[in-house]
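Source file: coords-v8.txt. Holds: compact mmCIF, C-alpha atoms and all ligand atoms.
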```
# COMPACT_ATOMS: atom_id res chain seq x y z
CA MET A 1 -25.97 4.08 -8.54
CA ALA A 2 -25.26 5.99 -5.35
CA ASN A 3 -26.87 9.39 -5.22
CA LEU A 4 -24.76 12.39 -6.08
CA SER A 5 -24.71 13.98 -2.64
CA ARG A 6 -21.24 14.24 -1.23
CA SER A 7 -21.28 10.89 0.53
CA ILE A 8 -17.88 9.31 -0.05
CA PRO A 9 -15.11 10.40 2.33
CA ILE A 10 -11.60 10.92 1.00
CA PHE A 11 -9.13 10.64 3.90
CA TYR A 12 -6.13 12.92 3.48
CA THR A 13 -3.24 14.22 5.58
CA ALA A 14 -0.63 16.86 4.73
CA ASP A 15 1.84 14.92 6.91
CA HIS A 16 2.92 12.92 3.86
CA LEU A 17 4.75 16.07 2.71
CA LEU A 18 7.16 15.55 5.62
CA HIS A 19 8.58 12.47 3.89
CA GLN A 20 10.40 13.27 0.65
CA PRO A 21 13.56 11.29 -0.01
CA ARG A 22 15.53 12.64 -2.95
CA SER A 23 16.96 9.48 -4.44
CA GLU A 24 16.68 5.74 -4.67
CA TYR A 25 19.06 3.01 -5.76
CA ASP A 26 17.89 1.03 -8.73
CA ARG A 27 20.24 -1.94 -9.05
CA GLY A 28 22.97 0.22 -7.55
CA MET A 29 22.30 3.21 -9.80
CA GLN A 30 21.24 6.40 -8.05
CA ILE A 31 18.06 7.86 -9.60
CA PRO A 32 15.43 10.37 -8.38
CA TYR A 33 13.01 8.93 -5.79
CA GLN A 34 9.98 7.75 -7.78
CA GLU A 35 7.52 7.75 -4.91
CA VAL A 36 7.00 11.54 -4.94
CA ALA A 37 4.60 13.65 -2.89
CA ARG A 38 2.83 15.08 -5.95
CA ARG A 39 1.34 11.63 -6.63
CA ILE A 40 -1.01 12.07 -3.68
CA GLU A 41 -1.77 15.73 -4.38
CA SER A 42 -2.79 14.73 -7.90
CA ALA A 43 -5.07 11.99 -6.59
CA ARG A 44 -6.53 14.33 -3.97
CA ASP A 45 -7.39 17.01 -6.53
CA ALA A 46 -9.00 14.56 -8.94
CA LEU A 47 -10.98 12.69 -6.28
CA LEU A 48 -12.33 15.87 -4.70
CA ALA A 49 -13.38 17.17 -8.11
CA LEU A 50 -15.90 14.29 -8.31
CA PRO A 51 -19.45 15.28 -7.37
CA PHE A 52 -19.92 12.56 -4.73
CA THR A 53 -16.79 13.02 -2.58
CA PHE A 54 -15.75 15.13 0.41
CA GLU A 55 -12.49 15.40 2.32
CA ILE A 56 -11.71 14.32 5.86
CA GLN A 57 -8.39 15.24 7.49
CA PRO A 58 -8.63 12.96 10.52
CA GLU A 59 -6.97 13.35 13.88
CA LEU A 60 -4.56 10.63 14.89
CA LEU A 61 -6.84 7.86 16.15
CA LEU A 62 -4.73 4.83 15.33
CA LEU A 63 -3.39 3.27 18.52
CA GLU A 64 -0.02 1.64 18.98
CA LYS A 65 -1.70 -1.59 20.08
CA GLN A 66 -3.59 -1.64 16.77
CA ILE A 67 -0.33 -1.29 14.84
CA THR A 68 1.39 -4.04 16.83
CA ARG A 69 -1.37 -6.51 15.96
CA VAL A 70 0.05 -6.33 12.43
CA HIS A 71 3.71 -5.37 12.92
CA SER A 72 6.35 -6.32 15.49
CA ARG A 73 6.99 -3.84 18.27
CA ALA A 74 10.68 -4.13 17.41
CA MET A 75 10.10 -2.79 13.89
CA LEU A 76 7.82 0.00 15.10
CA GLU A 77 10.48 1.07 17.62
CA HIS A 78 13.14 0.82 14.94
CA LEU A 79 11.18 3.26 12.78
CA ARG A 80 10.66 5.65 15.68
CA GLN A 81 14.28 5.54 16.77
CA SER A 82 15.70 5.79 13.26
CA SER A 83 13.71 8.96 12.64
CA ALA A 84 14.97 10.40 15.95
CA PHE A 85 18.49 9.38 14.98
CA ALA A 86 18.19 11.03 11.54
CA ASN A 87 17.12 14.20 13.34
CA GLN A 88 20.15 14.00 15.64
CA GLN A 89 22.49 13.40 12.72
CA GLU A 90 21.15 16.45 10.92
CA GLN A 91 22.05 18.59 13.95
CA ILE A 92 25.50 17.07 14.32
CA LEU A 93 26.36 17.29 10.64
CA GLY A 94 24.58 20.61 10.09
CA GLN A 95 22.80 18.92 7.22
CA ASP A 96 19.22 19.28 6.11
CA ASP A 97 16.99 16.54 4.70
CA LEU A 98 19.13 13.62 5.70
CA TYR A 99 17.81 10.13 4.96
CA LEU A 100 19.31 6.96 6.37
CA TYR A 101 19.56 4.35 3.61
CA PRO A 102 19.57 0.63 4.24
CA TRP A 103 22.94 -0.81 3.23
CA ILE A 104 23.72 -3.53 5.79
CA PHE A 105 21.14 -6.34 5.78
CA PRO A 106 21.33 -8.70 8.77
CA GLN A 107 20.53 -12.31 7.89
CA ASN A 108 19.92 -13.64 11.40
CA GLN A 109 19.00 -12.52 14.91
CA ARG A 110 22.60 -12.28 16.11
CA MET A 111 23.49 -9.93 13.24
CA ARG A 112 20.32 -7.91 13.89
CA VAL A 113 21.10 -7.42 17.58
CA GLY A 114 24.60 -6.27 16.69
CA LEU A 115 23.44 -3.89 13.97
CA LEU A 116 20.69 -2.38 16.14
CA LYS A 117 23.39 -0.94 18.41
CA SER A 118 25.20 0.73 15.52
CA PRO A 119 24.54 4.08 13.84
CA ASP A 120 23.87 2.22 10.59
CA VAL A 121 20.64 0.50 11.60
CA ALA A 122 18.60 1.63 8.59
CA GLY A 123 18.75 -1.81 6.96
CA CYS A 124 17.81 -3.68 10.11
CA PHE A 125 14.30 -4.63 8.99
CA ALA A 126 14.69 -3.78 5.31
CA PHE A 127 14.56 -6.23 2.42
CA ASP A 128 15.75 -3.64 -0.11
CA THR A 129 17.09 -0.07 -0.39
CA TYR A 130 13.81 1.65 -1.37
CA ALA A 131 12.64 2.70 2.09
CA PRO A 132 15.07 5.24 3.57
CA ILE A 133 14.26 6.88 6.91
CA GLY A 134 14.37 10.63 7.52
CA LYS A 135 13.65 12.67 10.64
CA ASN A 136 9.92 12.93 9.85
CA THR A 137 9.43 9.56 8.20
CA PHE A 138 8.00 8.07 11.38
CA GLN A 139 5.37 10.82 11.64
CA ALA A 140 4.45 10.51 7.95
CA VAL A 141 4.20 6.73 8.15
CA ILE A 142 1.96 6.81 11.23
CA ALA A 143 -0.24 9.47 9.64
CA SER A 144 -0.51 7.38 6.48
CA ALA A 145 -1.55 4.26 8.39
CA ASN A 146 -3.99 6.41 10.37
CA LEU A 147 -5.80 7.30 7.13
CA ALA A 148 -6.40 3.63 6.33
CA HIS A 149 -7.48 3.06 9.91
CA CYS A 150 -9.92 5.98 9.90
CA ALA A 151 -11.32 4.95 6.52
CA ALA A 152 -11.99 1.45 7.90
CA GLN A 153 -13.52 2.92 11.07
CA SER A 154 -15.88 5.02 8.97
CA ILE A 155 -17.09 1.82 7.33
CA ILE A 156 -17.46 0.08 10.69
CA HIS A 157 -19.16 2.83 12.69
CA GLN A 158 -20.77 5.21 10.25
CA ASP A 159 -22.59 2.80 8.06
CA ASN A 160 -20.63 4.21 5.21
CA ARG A 161 -20.20 1.87 2.23
CA ILE A 162 -17.15 3.28 0.43
CA ALA A 163 -14.13 5.17 1.79
CA TYR A 164 -10.86 6.21 0.12
CA ALA A 165 -7.60 6.58 2.08
CA LEU A 166 -4.94 8.69 0.32
CA CYS A 167 -2.10 6.83 1.98
CA ARG A 168 1.48 7.92 1.44
CA PRO A 169 3.92 6.29 2.03
CA PRO A 170 2.23 3.22 0.53
CA GLY A 171 2.13 -0.04 2.48
CA HIS A 172 1.65 -3.34 0.70
CA HIS A 173 5.34 -4.39 0.63
CA ALA A 174 5.64 -4.02 4.42
CA ALA A 175 5.26 -7.26 6.41
CA ARG A 176 5.13 -7.93 10.15
CA ASP A 177 8.87 -7.55 10.58
CA MET A 178 10.01 -6.24 7.22
CA LEU A 179 9.91 -3.00 5.23
CA GLY A 180 10.89 -2.05 1.69
CA GLY A 181 9.58 -0.97 -1.71
CA TYR A 182 8.66 2.57 -0.48
CA CYS A 183 6.59 0.91 2.30
CA TYR A 184 7.06 1.06 6.08
CA LEU A 185 3.76 0.06 7.69
CA ASN A 186 1.11 -1.95 5.87
CA ASN A 187 -1.82 0.47 5.67
CA ALA A 188 -4.17 -2.01 3.97
CA ALA A 189 -3.39 -4.72 6.53
CA ILE A 190 -4.05 -2.36 9.44
CA ALA A 191 -7.45 -1.46 7.94
CA ALA A 192 -8.24 -5.11 7.15
CA ASP A 193 -7.35 -6.22 10.68
CA GLN A 194 -9.82 -3.74 12.18
CA LEU A 195 -12.54 -4.76 9.73
CA HIS A 196 -11.87 -8.43 10.43
CA GLN A 197 -12.21 -7.94 14.19
CA THR A 198 -15.52 -6.16 13.94
CA LEU A 199 -17.24 -7.43 10.78
CA GLY A 200 -15.80 -10.94 10.52
CA ARG A 201 -14.53 -12.56 7.33
CA GLY A 202 -13.37 -10.37 4.50
CA ALA A 203 -11.14 -10.00 1.47
CA ILE A 204 -8.24 -7.88 0.30
CA LEU A 205 -7.83 -7.30 -3.42
CA ASP A 206 -4.45 -5.89 -4.46
CA ILE A 207 -4.28 -4.41 -7.97
CA ASP A 208 -0.89 -2.71 -7.67
CA TYR A 209 1.55 -3.75 -10.44
CA HIS A 210 3.85 -5.30 -7.83
CA HIS A 211 2.94 -8.29 -5.69
CA GLY A 212 1.73 -7.28 -2.21
CA ASN A 213 4.22 -9.52 -0.47
CA GLY A 214 3.72 -7.80 2.89
CA THR A 215 -0.05 -8.19 2.92
CA GLN A 216 0.23 -11.79 1.78
CA GLU A 217 2.63 -12.58 4.60
CA ILE A 218 0.54 -10.85 7.28
CA PHE A 219 -2.62 -12.84 6.42
CA TRP A 220 -0.85 -16.03 5.28
CA ASP A 221 -2.21 -18.19 8.11
CA ASP A 222 -5.60 -16.51 8.43
CA PRO A 223 -8.47 -18.53 6.91
CA GLU A 224 -10.93 -15.63 7.41
CA VAL A 225 -9.11 -13.05 5.33
CA LEU A 226 -8.78 -13.83 1.64
CA PHE A 227 -5.86 -12.13 -0.12
CA VAL A 228 -6.09 -11.86 -3.91
CA SER A 229 -3.40 -10.12 -5.94
CA ILE A 230 -3.10 -9.38 -9.66
CA HIS A 231 0.44 -8.32 -10.52
CA ALA A 232 3.46 -8.63 -12.78
CA ASP A 233 5.02 -12.11 -12.79
CA PRO A 234 7.63 -12.15 -10.01
CA GLY A 235 9.70 -14.42 -12.24
CA ASP A 236 10.97 -11.25 -13.85
CA GLU A 237 9.58 -8.37 -11.82
CA TYR A 238 9.94 -6.84 -8.39
CA PRO A 239 9.69 -8.16 -5.66
CA PHE A 240 10.96 -11.39 -7.33
CA PHE A 241 10.67 -13.55 -4.20
CA SER A 242 6.89 -13.83 -3.87
CA GLY A 243 3.69 -13.57 -5.86
CA PHE A 244 3.85 -16.95 -7.57
CA GLU A 245 0.73 -18.95 -8.37
CA ASP A 246 1.59 -21.83 -6.06
CA GLU A 247 1.42 -19.63 -2.92
CA LYS A 248 -2.01 -20.63 -1.62
CA GLY A 249 -1.87 -19.83 2.10
CA GLY A 250 -0.60 -21.50 5.28
CA ALA A 251 -1.65 -24.96 6.48
CA ALA A 252 -4.72 -23.64 8.34
CA ALA A 253 -5.62 -21.22 5.55
CA LYS A 254 -5.18 -23.15 2.30
CA GLY A 255 -7.02 -21.38 -0.49
CA ALA A 256 -7.20 -18.05 1.33
CA ASN A 257 -4.37 -16.67 -0.81
CA LEU A 258 -4.65 -16.27 -4.57
CA ASN A 259 -1.91 -14.90 -6.79
CA LEU A 260 -2.65 -14.06 -10.40
CA PRO A 261 0.69 -13.15 -12.00
CA LEU A 262 0.57 -11.67 -15.51
CA PRO A 263 3.32 -11.24 -18.11
CA LYS A 264 5.05 -7.97 -18.93
CA GLY A 265 3.23 -6.16 -21.73
CA CYS A 266 -0.16 -7.25 -20.35
CA ASP A 267 -3.08 -5.39 -22.00
CA ASP A 268 -6.73 -4.77 -21.05
CA PHE A 269 -7.87 -8.05 -22.59
CA THR A 270 -5.48 -10.26 -20.61
CA TYR A 271 -6.01 -8.24 -17.45
CA ARG A 272 -9.80 -8.58 -17.68
CA ILE A 273 -9.57 -12.37 -17.59
CA ALA A 274 -7.50 -12.28 -14.37
CA LEU A 275 -9.81 -9.67 -12.88
CA GLU A 276 -12.88 -11.82 -13.52
CA GLN A 277 -11.15 -14.73 -11.80
CA ALA A 278 -10.24 -12.51 -8.86
CA ILE A 279 -13.80 -11.23 -8.48
CA GLN A 280 -15.22 -14.75 -8.76
CA SER A 281 -12.91 -16.04 -6.03
CA ILE A 282 -13.88 -13.13 -3.78
CA GLN A 283 -17.58 -13.80 -4.36
CA ASP A 284 -17.11 -17.50 -3.57
CA PHE A 285 -15.40 -16.56 -0.29
CA GLN A 286 -18.53 -14.63 0.81
CA PRO A 287 -16.69 -11.77 2.51
CA ASN A 288 -18.43 -9.11 4.60
CA TRP A 289 -15.99 -6.38 3.54
CA LEU A 290 -13.29 -5.58 0.99
CA VAL A 291 -10.04 -3.69 1.29
CA LEU A 292 -8.76 -2.61 -2.13
CA SER A 293 -5.03 -1.99 -2.39
CA ALA A 294 -5.25 0.45 -5.27
CA GLY A 295 -2.01 0.86 -7.21
CA TYR A 296 -1.94 2.69 -10.52
CA ASP A 297 1.44 1.48 -11.74
CA THR A 298 -0.30 -1.01 -14.10
CA CYS A 299 -1.09 1.90 -16.40
CA TRP A 300 0.44 2.28 -19.87
CA ALA A 301 1.99 5.62 -18.86
CA ASP A 302 3.83 4.44 -15.74
CA PRO A 303 7.56 5.10 -16.23
CA THR A 304 8.72 2.29 -13.93
CA THR A 305 6.65 -0.70 -15.05
CA PHE A 306 5.62 -2.81 -18.04
CA PHE A 307 1.85 -3.25 -18.30
CA ASN A 308 -0.30 -1.48 -20.89
CA LEU A 309 -3.66 -0.91 -19.27
CA SER A 310 -5.71 1.90 -20.81
CA ASP A 311 -7.13 4.73 -18.70
CA ALA A 312 -10.63 3.40 -19.42
CA MET A 313 -9.71 0.02 -17.92
CA TYR A 314 -9.68 1.55 -14.43
CA GLY A 315 -13.35 2.46 -14.78
CA GLU A 316 -14.02 -1.11 -15.76
CA ILE A 317 -12.00 -2.45 -12.82
CA GLY A 318 -14.08 -0.21 -10.55
CA GLU A 319 -17.35 -1.50 -12.04
CA CYS A 320 -16.33 -5.13 -11.49
CA ILE A 321 -15.39 -4.42 -7.89
CA GLY A 322 -18.54 -2.40 -7.20
CA GLN A 323 -20.63 -5.38 -8.26
CA LEU A 324 -19.40 -7.26 -5.19
CA ASN A 325 -21.76 -4.96 -3.33
CA ILE A 326 -19.95 -5.10 0.01
CA PRO A 327 -18.36 -2.21 1.98
CA ILE A 328 -15.11 -1.14 0.35
CA THR A 329 -12.11 0.55 1.95
CA ILE A 330 -9.78 1.79 -0.80
CA VAL A 331 -6.14 2.27 0.15
CA HIS A 332 -3.79 4.13 -2.20
CA GLU A 333 -0.63 2.16 -3.04
CA GLY A 334 1.79 2.70 -5.99
CA GLY A 335 1.60 4.57 -9.32
CA TYR A 336 4.51 6.68 -10.50
CA GLU A 337 3.16 8.76 -13.38
CA VAL A 338 2.10 11.74 -11.25
CA GLU A 339 -0.96 12.94 -13.15
CA GLN A 340 -2.21 9.41 -13.80
CA ASN A 341 -2.66 8.95 -10.05
CA GLY A 342 -5.46 11.49 -10.28
CA VAL A 343 -6.95 10.44 -13.58
CA LEU A 344 -7.04 6.76 -12.67
CA ALA A 345 -8.11 7.11 -9.03
CA ALA A 346 -11.10 9.17 -10.23
CA ARG A 347 -11.98 6.59 -12.90
CA LEU A 348 -11.65 3.70 -10.45
CA LEU A 349 -13.82 5.31 -7.80
CA SER A 350 -16.41 6.43 -10.37
CA GLY A 351 -16.60 2.88 -11.70
CA ILE A 352 -17.19 1.53 -8.20
CA VAL A 353 -19.88 4.12 -7.47
CA ASP A 354 -21.62 3.54 -10.83
CA SER A 355 -22.02 -0.18 -10.29
CA PHE A 356 -22.65 -0.16 -6.55
CA ALA A 357 -26.15 -1.43 -5.88
C1 LIG A 401 4.33 0.44 -3.66
C2 LIG A 401 5.16 0.13 -4.87
O1 LIG A 401 4.67 0.20 -5.99
N1 LIG A 401 6.43 -0.15 -4.66
C3 LIG A 401 7.29 -0.47 -5.74
C4 LIG A 401 8.68 -0.53 -5.28
C5 LIG A 401 9.57 -1.09 -6.32
N2 LIG A 401 10.07 -0.12 -7.20
C6 LIG A 401 11.34 -0.48 -7.69
C7 LIG A 401 11.29 -0.98 -9.06
C8 LIG A 401 12.61 -0.75 -9.70
C9 LIG A 401 12.52 -0.90 -11.17
N3 LIG A 401 12.98 0.27 -11.84
C10 LIG A 401 12.88 0.17 -13.26
C11 LIG A 401 13.07 1.49 -13.91
C12 LIG A 401 12.71 1.37 -15.36
N4 LIG A 401 12.91 2.61 -16.04
ZN ZN A 402 3.69 -1.04 -7.23
```
What would you get if you wrote out this structure as structure tokens?
Ligand code: SP5
Ligand code: ZN
Amino acid sequence: MANLSRSIPIFYTADHLLHQPRSEYDRGMQIPYQEVARRIESARDALLALPFTFEIQPELLLLEKQITRVHSRAMLEHLRQSSAFANQQEQILGQDDLYLYPWIFPQNQRMRVGLLKSPDVAGCFAFDTYAPIGKNTFQAVIASANLAHCAAQSIIHQDNRIAYALCRPPGHHAARDMLGGYCYLNNAAIAADQLHQTLGRGAILDIDYHHGNGTQEIFWDDPEVLFVSIHADPGDEYPFFSGFEDEKGGAAAKGANLNLPLPKGCDDFTYRIALEQAIQSIQDFQPNWLVLSAGYDTCWADPTTFFNLSDAMYGEIGECIGQLNIPITIVHEGGYEVEQNGVLAARLLSGIVDSFA
């Protein structure tokens, strides 16, 4: 049990408030954007109310060259230019709060080159319609990734054993060249890449309800970074195209990817079995560090998903993870019941701290 001095940094930025799309398209139906700013404010309040936490609002330390180790320069530039373009469009149209929504999806390089020259580029790197780009989206996305980066740096340089990054927008659906699912840059992957470079082999555990397709893709061929994900069966849940059991890693990295899909309606009992398998596989890998992609959309109360985990289960998940007894960088991902983001983040972190040797 860690002592109760305020030793665990919670990395936060107000820049996430700059990114607030109003709607999303759910199978063509327009509904309110589910990935709301209050999610992070709820988590911030609850985490800082714990006796062992303190807040850090870091300066921007993440370098472009660190981002482009994980993402293509073309996609980074696309994000930057689309935000600038949204700004321009607001001026021209005299409109406020304009978001560019993906609606044309190029299927090859020729189509991409053509589309990049058009005013309707928003879908250029998108695999769905859930990641619209507004005038400040680029700033918010960079600031979000910076939190994960700074959390990882605090583990690397400050001999700190646990850090929590309140990332928003989330990241785990974003791949090298692809964005979607509320995600633009892969915060967890950026943290993991820094940890990998300095501390050697490590693991990423993704407990968001949705498969972390972006993270899986980024580390697919890397035998030194184990990716383990527990999520809803992609046979009938988003993102549908990845997260299946037979995805084990690229030729040089066979076994460094483990997907544990679970059926809709999954309860604590079923989840626990998958979690034990996940923890065992991480232990066997002998990692020097862990990045935890912490999504809270597996909770019974989440309005967008179909698992039934109890609030108490998050404490238990934390305890299992803490027993790994390696440095842990926690990166906030999904979770769409606003208050549950706070309740569950606090339970998860408390569980980790309680069991940490
Ligand atoms: C980071 C993250 O959790 N991204 C998830 C993005 C996918 N969300 C879209 C799911 C659409 C399903 N909507 C069902 C509504 C049921 N009332
Ligand atoms: Zn999710």
Around (-9.3, -11.3, -16.2) in the file's own coordinates, what residues are found within 12 Å if you use all atoms listed in the file, given back as a ChimeraX atom specification? /A:207,229-231,260-262,266-281,313,316-317,320
Let me see if you get this right: every residue at most 7 Å from ligand LIG 401 (chain A), counting all atoms listed in the file, written as a PyMOL selection string. chain A and resi 26+130+170-173+181-183+208-210+238+295+297+303-305+333-335
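With only C-alpha atoms as the atoms that count, the residue of A:Ala151, A:Glu247, A:Gln286, A:Val353 with the shortest distance to Glu59 in chain A is A:Ala151.
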For the atom pair CA of Thr13 in chain A and CA of Leu76 in chain A, what is the interatomic distance in Å to one decimal place? 20.4 Å
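Among A:Leu344, A:Ala232, A:Ile321, A:Val291, the residue with the shortest atom-to-atom distance to Glu245 in chain A, counting only C-alpha atoms, is A:Ala232.
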Between CA of His71 in chain A and CA of Gly123 in chain A, what is the spacing in Å?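 For CA of Gly123 in chain A relative to CA of His71 in chain A, the distance reads 16.6 Å.
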Taking into account all atoms listed in the file, which residue in the set A:His211, A:Asn308, A:Asp221, A:Leu348 is nearest to Phe244 in chain A? A:His211
Neighbouring residues of range 131-133 of chain A were defined as those with any atom within 6 Å, considering all atoms listed in the file; residues of the same chain fewer than 3 positions away were excluded. Please report them as a ChimeraX atom specification. /A:99-101,137,180,182
Could you state the separation of CA of Lys264 in chain A and CA of Phe307 in chain A in Å, given to one decimal place? 5.7 Å
Just give me the residues with any atom within 12 Å of (-2.3, 18.3, 5.4), file coordinates, counting all atoms listed in the file, written as number ranges by chain. A: 11-18, 37, 40-41, 44, 55-59, 140, 143-144, 147, 166-168
Could you save those same residues with C-alpha atoms as a PDB file, in the frame of the given file?
```
ATOM      1  CA  PHE A  11      -9.130  10.640   3.900  1.00  0.00           C
ATOM      2  CA  TYR A  12      -6.130  12.920   3.480  1.00  0.00           C
ATOM      3  CA  THR A  13      -3.240  14.220   5.580  1.00  0.00           C
ATOM      4  CA  ALA A  14      -0.630  16.860   4.730  1.00  0.00           C
ATOM      5  CA  ASP A  15       1.840  14.920   6.910  1.00  0.00           C
ATOM      6  CA  HIS A  16       2.920  12.920   3.860  1.00  0.00           C
ATOM      7  CA  LEU A  17       4.750  16.070   2.710  1.00  0.00           C
ATOM      8  CA  LEU A  18       7.160  15.550   5.620  1.00  0.00           C
ATOM      9  CA  ALA A  37       4.600  13.650  -2.890  1.00  0.00           C
ATOM     10  CA  ILE A  40      -1.010  12.070  -3.680  1.00  0.00           C
ATOM     11  CA  GLU A  41      -1.770  15.730  -4.380  1.00  0.00           C
ATOM     12  CA  ARG A  44      -6.530  14.330  -3.970  1.00  0.00           C
ATOM     13  CA  GLU A  55     -12.490  15.400   2.320  1.00  0.00           C
ATOM     14  CA  ILE A  56     -11.710  14.320   5.860  1.00  0.00           C
ATOM     15  CA  GLN A  57      -8.390  15.240   7.490  1.00  0.00           C
ATOM     16  CA  PRO A  58      -8.630  12.960  10.520  1.00  0.00           C
ATOM     17  CA  GLU A  59      -6.970  13.350  13.880  1.00  0.00           C
ATOM     18  CA  ALA A 140       4.450  10.510   7.950  1.00  0.00           C
ATOM     19  CA  ALA A 143      -0.240   9.470   9.640  1.00  0.00           C
ATOM     20  CA  SER A 144      -0.510   7.380   6.480  1.00  0.00           C
ATOM     21  CA  LEU A 147      -5.800   7.300   7.130  1.00  0.00           C
ATOM     22  CA  LEU A 166      -4.940   8.690   0.320  1.00  0.00           C
ATOM     23  CA  CYS A 167      -2.100   6.830   1.980  1.00  0.00           C
ATOM     24  CA  ARG A 168       1.480   7.920   1.440  1.00  0.00           C
TER      25      ARG A 168
END
```
If you count all atoms listed in the file, which residues fall within 8 Å of Gly322 in chain A, apart from same-chain ones fewer than 2 positions away, as a PyMOL selection string? chain A and resi 318-320+324-326+351-357
Counting all atoms listed in the file, which of A:Ile92, A:Ile8, A:Leu79, A:Ala203 gets nearest to Ile155 in chain A? A:Ile8
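The closest residue to ligand ZN 402 (chain A), picked from A:Thr298, A:Gln109, A:Gln95, A:Asn259 and counting only C-alpha atoms and all ligand atoms, is A:Thr298.
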Determine the nearest neighbour of Phe285 in chain A from the options A:Asn257, A:Gln194, A:Gln153, A:Gln89, counting all atoms listed in the file.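 Selected residue with least distance to Phe285 in chain A: A:Asn257.
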Which residues come within 12 Å of Lys117 in chain A, counting all atoms listed in the file, excluding same-chain residues fewer than 5 positions away, as a VMD selection string? chain A and resid 78 81 to 82 85 110 to 112 122 124
Would you save the residues of that selection, restricted to C-alpha atoms, as a PDB file, in the frame of the given file?
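To be explicit, this is the file written out as result-v3.pdb:
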```pdb
ATOM      1  CA  HIS A  78      13.140   0.820  14.940  1.00  0.00           C
ATOM      2  CA  GLN A  81      14.280   5.540  16.770  1.00  0.00           C
ATOM      3  CA  SER A  82      15.700   5.790  13.260  1.00  0.00           C
ATOM      4  CA  PHE A  85      18.490   9.380  14.980  1.00  0.00           C
ATOM      5  CA  ARG A 110      22.600 -12.280  16.110  1.00  0.00           C
ATOM      6  CA  MET A 111      23.490  -9.930  13.240  1.00  0.00           C
ATOM      7  CA  ARG A 112      20.320  -7.910  13.890  1.00  0.00           C
ATOM      8  CA  ALA A 122      18.600   1.630   8.590  1.00  0.00           C
ATOM      9  CA  CYS A 124      17.810  -3.680  10.110  1.00  0.00           C
TER      10      CYS A 124
END
```
Residues within 8 Å of Pro327 in chain A, all atoms listed in the file, excluding chain neighbours under 6 positions, as a JSON list (two decimals) with C-alpha atoms, in the coordinates of the input:
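Saved the output as part_8.json:
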```json
[["chain", "number", "residue", "atom", "x", "y", "z"],
["A", 155, "ILE", "CA", -17.09, 1.82, 7.33],
["A", 160, "ASN", "CA", -20.63, 4.21, 5.21],
["A", 161, "ARG", "CA", -20.20, 1.87, 2.23],
["A", 162, "ILE", "CA", -17.15, 3.28, 0.43],
["A", 288, "ASN", "CA", -18.43, -9.11, 4.60],
["A", 289, "TRP", "CA", -15.99, -6.38, 3.54],
["A", 290, "LEU", "CA", -13.29, -5.58, 0.99]]
```
